[in-house]
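Student: Below is upload-v6.csv; it holds CSV, C-alpha atoms.
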```csv
chain,number,residue,atom,x,y,z
Z,1,LEU,CA,0.0,0.0,0.0
Z,2,GLU,CA,2.9,2.3,0.9
Z,3,HIS,CA,4.5,1.6,-2.5
Z,4,ARG,CA,1.3,2.2,-4.3
Z,5,SER,CA,0.8,5.6,-2.5
Z,6,GLU,CA,4.4,6.6,-3.3
Z,7,SER,CA,3.9,5.6,-6.9
Z,8,ALA,CA,0.7,7.6,-7.2
Z,9,GLY,CA,2.4,10.6,-5.7
Z,10,HIS,CA,5.2,10.4,-8.2
Z,11,HIS,CA,2.6,10.1,-11.0
Z,12,MET,CA,0.7,13.1,-9.8
Z,13,MET,CA,3.9,15.2,-9.5
Z,14,GLY,CA,4.9,14.1,-13.0
Z,15,ALA,CA,1.5,15.2,-14.3
Z,16,ARG,CA,1.8,18.5,-12.5
Z,17,VAL,CA,5.2,19.1,-14.0
Z,18,ALA,CA,3.9,18.2,-17.5
Z,19,LEU,CA,1.0,20.5,-17.0
Z,20,LEU,CA,3.3,23.3,-15.9
Z,21,CYS,CA,5.6,22.8,-18.9
Z,22,ALA,CA,2.6,22.9,-21.2
Z,23,LEU,CA,1.3,26.1,-19.7
Z,24,VAL,CA,4.8,27.7,-20.0
Z,25,GLN,CA,5.0,26.6,-23.6
Z,26,LEU,CA,1.5,27.9,-24.3
Z,27,SER,CA,2.4,31.2,-22.7
Z,28,GLN,CA,5.6,31.4,-24.8
Z,29,THR,CA,3.6,30.6,-27.9
Z,30,ALA,CA,1.1,33.3,-27.1
Z,31,GLU,CA,3.9,35.8,-26.4
Z,32,SER,CA,5.6,34.9,-29.7
Z,33,ALA,CA,2.3,35.3,-31.6
Z,34,SER,CA,1.9,38.8,-30.0
Z,35,GLU,CA,5.5,39.7,-30.9
Z,36,LEU,CA,4.8,38.7,-34.6
Z,37,ASN,CA,1.8,41.0,-34.9
Z,38,GLY,CA,2.3,43.5,-37.7
Z,39,LEU,CA,4.8,41.5,-39.7
Z,40,HIS,CA,2.4,41.2,-42.6
Z,41,ALA,CA,0.3,44.3,-43.4
Z,42,PRO,CA,-1.0,46.0,-46.7
Z,43,LEU,CA,1.8,48.5,-46.6
Z,44,ALA,CA,2.6,48.2,-50.3
Z,45,ASP,CA,-0.9,49.2,-51.4
Z,46,GLY,CA,-0.6,52.1,-53.9
Z,47,CYS,CA,3.1,51.5,-54.5
Z,48,SER,CA,4.3,51.0,-58.1
Z,49,ARG,CA,8.0,51.0,-57.3
Z,50,VAL,CA,9.5,49.3,-54.3
Z,51,TYR,CA,12.9,49.2,-52.7
Z,52,ILE,CA,13.5,46.5,-50.1
Z,53,ASP,CA,16.5,47.1,-47.9
Z,54,VAL,CA,17.3,43.8,-46.2
Z,55,GLY,CA,19.9,44.6,-43.5
Z,56,SER,CA,19.3,48.3,-43.1
Z,57,ASN,CA,21.9,48.9,-40.4
Z,58,ILE,CA,21.4,52.7,-39.7
Z,59,GLY,CA,19.3,53.3,-42.8
Z,60,VAL,CA,21.9,55.0,-45.1
Z,61,GLN,CA,20.8,53.1,-48.2
Z,62,VAL,CA,17.2,54.3,-47.8
Z,63,ARG,CA,18.5,57.9,-47.3
Z,64,LYS,CA,20.5,57.5,-50.6
Z,65,LEU,CA,17.2,56.6,-52.3
Z,66,PHE,CA,15.3,59.7,-51.2
Z,67,GLN,CA,18.1,62.2,-50.6
Z,68,PRO,CA,20.8,61.4,-53.3
Z,69,GLU,CA,22.1,64.9,-53.2
Z,70,LEU,CA,23.6,64.2,-49.8
Z,71,TYR,CA,25.4,61.1,-51.1
Z,72,PRO,CA,26.8,62.2,-54.5
Z,73,ARG,CA,29.5,59.5,-54.7
Z,74,ALA,CA,27.3,56.6,-53.6
Z,75,LYS,CA,27.7,53.6,-55.9
Z,76,VAL,CA,24.1,52.5,-55.6
Z,77,LEU,CA,22.8,55.8,-57.2
Z,78,SER,CA,23.2,54.4,-60.7
Z,79,ILE,CA,20.9,51.5,-59.9
Z,80,PHE,CA,18.3,53.8,-58.2
Z,81,ASN,CA,18.4,56.3,-61.2
Z,82,LYS,CA,18.0,53.5,-63.7
Z,83,TYR,CA,15.1,51.8,-62.2
Z,84,PHE,CA,13.4,54.5,-60.2
Z,85,GLY,CA,14.3,57.7,-62.0
Z,86,SER,CA,16.2,60.7,-60.6
Z,87,ALA,CA,13.2,62.6,-59.2
Z,88,ARG,CA,12.5,60.1,-56.5
Z,89,ALA,CA,11.7,62.6,-53.8
Z,90,GLN,CA,8.7,63.7,-55.9
Z,91,ASP,CA,7.5,60.1,-56.7
Z,92,ALA,CA,4.4,59.3,-54.7
Z,93,ASP,CA,4.4,55.8,-56.0
Z,94,LEU,CA,7.8,54.9,-54.6
Z,95,CYS,CA,8.0,52.9,-51.3
Z,96,ALA,CA,10.8,51.6,-49.3
Z,97,PHE,CA,10.8,48.8,-46.7
Z,98,GLY,CA,13.8,48.1,-44.5
Z,99,PHE,CA,14.6,45.2,-42.2
Z,100,GLU,CA,17.0,45.5,-39.3
Z,101,PRO,CA,17.2,43.0,-36.4
Z,102,ASN,CA,19.8,44.9,-34.2
Z,103,PRO,CA,17.7,46.5,-31.4
Z,104,HIS,CA,20.5,49.0,-30.7
Z,105,LEU,CA,19.6,50.6,-34.1
Z,106,SER,CA,15.8,50.8,-33.6
Z,107,LEU,CA,15.6,54.4,-32.3
Z,108,ARG,CA,17.7,55.7,-35.2
Z,109,LEU,CA,15.5,53.9,-37.8
Z,110,GLN,CA,12.2,54.9,-36.1
Z,111,ALA,CA,13.3,58.6,-36.1
Z,112,LEU,CA,14.3,58.3,-39.8
Z,113,GLU,CA,11.0,56.7,-40.7
Z,114,GLN,CA,9.0,59.4,-38.8
Z,115,SER,CA,10.9,62.2,-40.4
Z,116,TYR,CA,10.6,60.8,-43.9
Z,117,ARG,CA,6.9,60.2,-43.6
Z,118,SER,CA,6.4,63.8,-42.5
Z,119,GLN,CA,7.9,64.6,-46.0
Z,120,GLY,CA,5.4,62.4,-47.7
Z,121,TRP,CA,7.9,59.6,-48.4
Z,122,ARG,CA,6.6,56.1,-47.9
Z,123,VAL,CA,9.2,54.5,-45.7
Z,124,THR,CA,8.7,51.6,-43.3
Z,125,PHE,CA,11.4,50.1,-41.2
Z,126,PHE,CA,10.8,46.7,-39.6
Z,127,THR,CA,13.0,47.1,-36.5
Z,128,GLN,CA,14.2,44.2,-34.4
Z,129,THR,CA,13.2,42.1,-37.4
Z,130,ALA,CA,15.4,39.7,-39.3
Z,131,ALA,CA,14.6,38.7,-42.9
Z,132,GLY,CA,14.6,34.9,-43.0
Z,133,VAL,CA,12.8,31.8,-44.0
Z,134,ARG,CA,9.7,31.8,-41.7
Z,135,ASP,CA,7.8,33.9,-39.2
Z,136,ARG,CA,9.1,33.2,-35.7
Z,137,ILE,CA,11.0,34.5,-32.7
Z,138,VAL,CA,14.7,33.8,-32.9
Z,139,HIS,CA,17.8,34.6,-30.9
Z,140,PHE,CA,20.0,37.1,-32.6
Z,141,ASN,CA,23.7,38.0,-32.0
Z,142,ALA,CA,23.8,41.8,-31.8
Z,143,PHE,CA,26.7,44.1,-31.5
Z,144,ASN,CA,26.1,47.4,-29.8
Z,145,ASP,CA,28.4,49.0,-32.3
Z,146,PRO,CA,26.5,50.6,-35.2
Z,147,PHE,CA,29.5,52.5,-36.6
Z,148,HIS,CA,31.6,49.4,-37.4
Z,149,ALA,CA,31.5,46.7,-40.0
Z,150,LEU,CA,29.9,43.6,-38.4
Z,151,SER,CA,27.1,45.1,-36.4
Z,152,SER,CA,25.0,42.0,-36.0
Z,153,SER,CA,24.5,38.5,-37.3
Z,154,ALA,CA,21.8,35.8,-37.5
Z,155,LYS,CA,24.6,33.2,-37.6
Z,156,ASP,CA,26.0,31.7,-34.4
Z,157,VAL,CA,28.7,34.2,-33.4
Z,158,SER,CA,27.7,34.5,-29.8
Z,159,GLY,CA,30.8,35.1,-27.6
Z,160,THR,CA,32.9,36.1,-30.6
Z,161,LYS,CA,34.1,39.6,-31.3
Z,162,ASN,CA,33.8,41.8,-34.3
Z,163,VAL,CA,36.6,43.6,-36.2
Z,164,ILE,CA,37.2,46.1,-33.4
Z,165,GLY,CA,36.9,43.7,-30.5
Z,166,ALA,CA,33.3,44.4,-29.5
Z,167,ALA,CA,31.6,41.3,-28.1
Z,168,SER,CA,28.2,40.2,-29.2
Z,169,LYS,CA,25.2,39.5,-27.1
Z,170,GLN,CA,22.2,37.3,-27.8
Z,171,VAL,CA,18.8,39.1,-28.0
Z,172,ARG,CA,15.3,38.0,-29.0
Z,173,VAL,CA,14.1,39.4,-32.3
Z,174,ARG,CA,11.4,38.7,-34.9
Z,175,GLU,CA,12.2,36.8,-38.1
Z,176,ILE,CA,10.0,37.4,-41.1
Z,177,ASP,CA,9.5,35.0,-44.0
Z,178,LEU,CA,11.0,37.2,-46.8
Z,179,ALA,CA,9.6,35.0,-49.6
Z,180,HIS,CA,6.1,35.3,-48.1
Z,181,PHE,CA,6.6,39.1,-47.8
Z,182,LEU,CA,7.5,39.3,-51.5
Z,183,ILE,CA,4.8,36.9,-52.7
Z,184,HIS,CA,1.8,38.1,-50.6
Z,185,ASP,CA,2.7,41.6,-49.2
Z,186,VAL,CA,4.4,43.3,-52.1
Z,187,HIS,CA,3.9,41.8,-55.5
Z,188,PRO,CA,0.1,41.4,-55.7
Z,189,ARG,CA,-0.3,44.9,-54.2
Z,190,LEU,CA,1.7,46.8,-56.7
Z,191,SER,CA,-0.4,49.5,-58.5
Z,192,PRO,CA,-0.2,50.4,-62.1
Z,193,PRO,CA,2.4,53.1,-62.5
Z,194,ARG,CA,1.2,56.7,-62.7
Z,195,GLY,CA,4.4,57.9,-64.2
Z,196,ASN,CA,7.2,60.0,-62.9
Z,197,PRO,CA,8.1,63.7,-63.3
Z,198,ARG,CA,11.0,62.8,-65.5
Z,199,GLY,CA,9.6,60.0,-67.5
Z,200,ALA,CA,7.4,56.9,-67.0
Z,201,PHE,CA,8.8,54.1,-64.9
Z,202,GLY,CA,6.9,50.8,-64.7
Z,203,ARG,CA,6.4,48.6,-61.7
Z,204,ARG,CA,9.8,47.8,-60.2
Z,205,VAL,CA,11.1,45.9,-57.2
Z,206,VAL,CA,14.8,46.4,-56.3
Z,207,MET,CA,16.2,44.6,-53.3
Z,208,LYS,CA,19.5,44.7,-51.4
Z,209,ILE,CA,20.6,41.9,-49.1
Z,210,ASP,CA,23.4,42.5,-46.6
Z,211,ILE,CA,22.7,40.1,-43.7
Z,212,GLU,CA,26.2,39.2,-42.4
Z,213,GLY,CA,26.3,35.6,-43.5
Z,214,ALA,CA,22.7,34.6,-43.3
Z,215,GLU,CA,22.4,34.9,-47.1
Z,216,VAL,CA,23.3,31.1,-47.2
Z,217,ASP,CA,19.8,30.4,-45.7
Z,218,VAL,CA,17.7,33.2,-47.2
Z,219,LEU,CA,18.8,33.0,-50.9
Z,220,PRO,CA,18.0,29.3,-51.3
Z,221,HIS,CA,14.6,30.0,-49.7
Z,222,LEU,CA,13.9,32.7,-52.3
Z,223,MET,CA,14.9,30.4,-55.1
Z,224,ASP,CA,12.8,27.4,-53.9
Z,225,SER,CA,9.7,29.5,-53.3
Z,226,GLY,CA,9.8,31.3,-56.6
Z,227,ALA,CA,9.9,34.7,-54.8
Z,228,LEU,CA,13.2,35.5,-56.4
Z,229,CYS,CA,11.6,36.0,-59.8
Z,230,LEU,CA,9.4,38.8,-58.3
Z,231,VAL,CA,12.5,40.9,-57.8
Z,232,ASP,CA,13.7,42.9,-60.8
Z,233,VAL,CA,17.1,43.8,-59.5
Z,234,LEU,CA,19.0,42.1,-56.6
Z,235,PHE,CA,22.3,43.1,-55.2
Z,236,VAL,CA,23.8,40.9,-52.5
Z,237,GLU,CA,26.9,41.3,-50.3
Z,238,PHE,CA,28.3,37.8,-50.1
Z,239,HIS,CA,30.3,37.5,-46.8
Z,240,THR,CA,33.2,35.5,-48.1
Z,241,PHE,CA,35.5,36.8,-45.4
Z,242,LEU,CA,33.5,34.9,-42.7
Z,243,HIS,CA,34.6,31.5,-44.1
Z,244,LYS,CA,38.0,29.7,-44.2
Z,245,GLY,CA,39.3,26.5,-45.5
Z,246,ALA,CA,36.7,23.9,-46.4
Z,247,ALA,CA,33.9,26.2,-45.3
Z,248,LEU,CA,35.2,28.8,-47.8
Z,249,GLU,CA,35.2,26.2,-50.6
Z,250,SER,CA,31.6,25.3,-49.7
Z,251,PHE,CA,30.5,28.9,-49.5
Z,252,MET,CA,32.0,29.7,-52.9
Z,253,ALA,CA,30.2,26.6,-54.4
Z,254,PHE,CA,27.0,27.9,-52.9
Z,255,ARG,CA,27.5,31.3,-54.5
Z,256,LYS,CA,28.2,29.7,-57.9
Z,257,ARG,CA,25.1,27.6,-57.6
Z,258,PHE,CA,23.0,30.7,-56.8
Z,259,GLU,CA,24.5,32.7,-59.7
Z,260,ASP,CA,23.9,29.8,-62.1
Z,261,HIS,CA,20.3,29.5,-60.9
Z,262,VAL,CA,19.6,33.2,-61.6
Z,263,GLU,CA,21.1,32.8,-65.1
Z,264,ALA,CA,19.1,29.7,-65.8
Z,265,SER,CA,15.9,31.3,-64.5
Z,266,ARG,CA,16.4,34.2,-66.9
Z,267,ALA,CA,16.6,31.7,-69.8
Z,268,ARG,CA,13.1,30.5,-68.6
Z,269,GLY,CA,11.6,33.9,-68.6
Z,270,CYS,CA,12.5,35.2,-65.1
Z,271,THR,CA,13.6,38.8,-65.4
Z,272,THR,CA,15.7,39.0,-62.2
Z,273,GLN,CA,19.0,40.7,-62.6
Z,274,LEU,CA,21.8,40.0,-60.2
Z,275,VAL,CA,24.0,43.0,-59.8
Z,276,ASP,CA,27.5,42.8,-58.4
Z,277,LEU,CA,27.4,45.8,-56.0
Z,278,ASP,CA,28.4,46.3,-52.4
Z,279,ASP,CA,27.9,50.0,-51.6
Z,280,GLU,CA,29.6,50.8,-48.3
Z,281,THR,CA,29.9,54.5,-49.0
Z,282,TYR,CA,28.8,56.9,-46.4
Z,283,ALA,CA,28.4,54.0,-43.9
Z,284,TYR,CA,28.6,56.2,-40.9
Z,285,ASP,CA,26.3,58.8,-42.3
Z,286,ASN,CA,28.7,61.5,-41.3
Z,287,GLY,CA,29.9,62.8,-44.7
Z,288,MET,CA,32.8,60.4,-45.0
Z,289,VAL,CA,32.6,58.8,-48.4
Z,290,GLU,CA,34.6,55.6,-48.0
Z,291,PRO,CA,35.3,54.5,-44.4
Z,292,ARG,CA,38.5,52.5,-44.5
Z,293,TRP,CA,37.5,49.3,-42.7
Z,294,LEU,CA,36.4,45.7,-43.1
Z,295,HIS,CA,39.7,43.8,-43.1
Z,296,GLY,CA,41.7,46.2,-45.1
Z,297,LYS,CA,39.1,46.1,-47.9
Z,298,TYR,CA,40.2,49.5,-49.1
Z,299,GLY,CA,43.9,48.9,-48.9
Z,300,SER,CA,46.5,47.3,-46.6
Z,301,THR,CA,47.2,50.6,-44.9
Z,302,ALA,CA,43.6,51.2,-44.1
Z,303,THR,CA,42.8,52.5,-40.6
Z,304,PHE,CA,39.6,52.1,-38.6
Z,305,PRO,CA,37.9,55.5,-38.1
Z,306,LYS,CA,36.5,56.6,-34.8
Z,307,ALA,CA,32.7,56.9,-34.4
Z,308,PRO,CA,31.4,60.5,-34.8
Z,309,GLN,CA,31.2,62.3,-31.5
Z,310,ARG,CA,27.5,63.1,-31.6
Z,311,ASN,CA,24.2,61.6,-30.6
Z,312,TRP,CA,23.7,59.5,-33.8
Z,313,THR,CA,20.1,58.7,-32.8
Z,314,ALA,CA,19.0,62.3,-33.1
Z,315,VAL,CA,20.2,63.1,-36.6
Z,316,THR,CA,18.3,65.8,-38.5
Z,317,TYR,CA,17.0,64.3,-41.8
Z,318,ARG,CA,15.6,67.3,-43.6
```
Transcribe the structure of this file into structure tokens.
Tutor:
Amino acid sequence: LEHRSESAGHHMMGARVALLCALVQLSQTAESASELNGLHAPLADGCSRVYIDVGSNIGVQVRKLFQPELYPRAKVLSIFNKYFGSARAQDADLCAFGFEPNPHLSLRLQALEQSYRSQGWRVTFFTQTAAGVRDRIVHFNAFNDPFHALSSSAKDVSGTKNVIGAASKQVRVREIDLAHFLIHDVHPRLSPPRGNPRGAFGRRVVMKIDIEGAEVDVLPHLMDSGALCLVDVLFVEFHTFLHKGAALESFMAFRKRFEDHVEASRARGCTTQLVDLDDETYAYDNGMVEPRWLHGKYGSTATFPKAPQRNWTAVTYR
């Protein structure tokens, strides 16, 4: 009898633990669902031309789109001019969407979005949001170091240091299914073009991907889902320098497969153009055209510049 009583007690305790675990999991699921609210919304309604900035960092690429006069030597301007025209600040059909997971950059991006919207420019930044392969909550390795090269990464670099010795810290962020965003939130909502002050430009989607190594996950997802063909122009920064030895060989094989896929898709009617462009100009948004960083990228005598001595979250955008 004593044994049966003890056994029943253990069974009841096990049931309570299982129930508690289930309640915790249910609570976490509800919390995650709440955090994912707003990921998919009809923000592209009325847009004819769309720029998608995947890996926005401090938002400089979007600034080049709407205020090119401030960034005259930016390499990306030739792409923007070709596909969106040169009078973009007057184009009511032009929209920009940016994704940036690093929470340390959220205030800056929110201030930029608010300021640009006050000018009538349709800009939305998905802050604390990584572009990925499905909607979920993920752990992200963030560097509180917006002025230097490797600011954050979806890859497992926790405990490592970036190029100036700043350590990373894991944080919870949202991940959005980038293919779903293109297929359901952008492409079917594009409006017929109403023209442009300097000539008619049709419906266009231009996308930049700079996600610190996570391209090895995102690009195959875009290929497999067919979402890649919904992008007219794509420029990607391939983070070759993150790989060494056999991993580097594997990465280069991945890049070759991706480029071959884009070329083969074009032969089947897909119009996506892959542009070899990595525009790091004006990276600090402080007037410096080419910051000399990223492993001697601009020369063996390159030095790492100091961050601007100012409150970079309170920049005036007008």
Student: For atom CA of Val262 of chain Z and atom CA of Asp53 of chain Z, determine how far apart the two atoms are, in Å to one decimal place.
Tutor: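 Those two atoms sit 19.8 Å apart.
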Student: Considering only C-alpha atoms, state which residue in the set Z:Met223, Z:Val76, Z:Leu65, Z:Leu109 is at the smallest distance from Arg49 of chain Z.
Tutor: Z:Leu65
Student: Which residues come within 12 Å of Ala96 of chain Z, counting only C-alpha atoms, excluding same-chain residues fewer than 3 positions away, as a short mmCIF file (atom, residue, chain, number, x, y, z; two decimals) with C-alpha atoms, in the frame of the given file?
Tutor:
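So around.cif came out as:
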```cif
data_model
loop_
_atom_site.label_atom_id
_atom_site.label_comp_id
_atom_site.auth_asym_id
_atom_site.auth_seq_id
_atom_site.Cartn_x
_atom_site.Cartn_y
_atom_site.Cartn_z
CA LEU Z 43 1.80 48.50 -46.60
CA ALA Z 44 2.60 48.20 -50.30
CA CYS Z 47 3.10 51.50 -54.50
CA SER Z 48 4.30 51.00 -58.10
CA ARG Z 49 8.00 51.00 -57.30
CA VAL Z 50 9.50 49.30 -54.30
CA TYR Z 51 12.90 49.20 -52.70
CA ILE Z 52 13.50 46.50 -50.10
CA ASP Z 53 16.50 47.10 -47.90
CA VAL Z 54 17.30 43.80 -46.20
CA SER Z 56 19.30 48.30 -43.10
CA GLY Z 59 19.30 53.30 -42.80
CA GLN Z 61 20.80 53.10 -48.20
CA VAL Z 62 17.20 54.30 -47.80
CA ARG Z 63 18.50 57.90 -47.30
CA LYS Z 64 20.50 57.50 -50.60
CA LEU Z 65 17.20 56.60 -52.30
CA PHE Z 66 15.30 59.70 -51.20
CA PHE Z 80 18.30 53.80 -58.20
CA PHE Z 84 13.40 54.50 -60.20
CA ARG Z 88 12.50 60.10 -56.50
CA ALA Z 89 11.70 62.60 -53.80
CA ASP Z 91 7.50 60.10 -56.70
CA ALA Z 92 4.40 59.30 -54.70
CA ASP Z 93 4.40 55.80 -56.00
CA PHE Z 99 14.60 45.20 -42.20
CA GLU Z 113 11.00 56.70 -40.70
CA TYR Z 116 10.60 60.80 -43.90
CA ARG Z 117 6.90 60.20 -43.60
CA TRP Z 121 7.90 59.60 -48.40
CA ARG Z 122 6.60 56.10 -47.90
CA VAL Z 123 9.20 54.50 -45.70
CA THR Z 124 8.70 51.60 -43.30
CA PHE Z 125 11.40 50.10 -41.20
CA PHE Z 126 10.80 46.70 -39.60
CA VAL Z 186 4.40 43.30 -52.10
CA ARG Z 204 9.80 47.80 -60.20
CA VAL Z 205 11.10 45.90 -57.20
CA VAL Z 206 14.80 46.40 -56.30
CA MET Z 207 16.20 44.60 -53.30
CA LYS Z 208 19.50 44.70 -51.40
#
```
Student: In Å, rounded to a single decimal, give me how far atom CA of His239 of chain Z is from atom CA of Asp210 of chain Z.
Tutor: 8.5 Å
Student: Find the spatial neighbours of Ala131 of chain Z, counting only C-alpha atoms, within a cut-off of 9 Å - ignore same-chain residues fewer than 5 positions away - and output them as an MDAnalysis selection string.
Tutor: chainID Z and resid 54:55 99:101 174:178 211 218
Student: As an exercise, work out the distance from atom CA of Glu263 of chain Z to atom CA of Asp217 of chain Z in Å and give it to one decimal place.
Tutor: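 Pair atom CA of Glu263 of chain Z / atom CA of Asp217 of chain Z returns 19.6 Å.
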Student: Just checking: using all atoms listed in the file, which residue out of Z:Val236, Z:Leu77, Z:Val60, Z:Met288 ends up closest to Val216 of chain Z?
Tutor: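 Result for the nearest residue to Val216 of chain Z: Z:Val236.
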Student: I need the residue nearest Thr129 of chain Z from this list: Z:Pro72, Z:Phe251, Z:His180, Z:Asn57. Use only C-alpha atoms for the distance.
Tutor: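 Among Z:Pro72, Z:Phe251, Z:His180, Z:Asn57, it is Z:Asn57 that comes nearest to Thr129 of chain Z.
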Student: Which of these residues is nearest to Ile209 of chain Z, using all atoms listed in the file: Z:Gly132, Z:Gln67, Z:Ile137, Z:Phe181?
Tutor: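 Distance minimum relative to Ile209 of chain Z lands on Z:Gly132.
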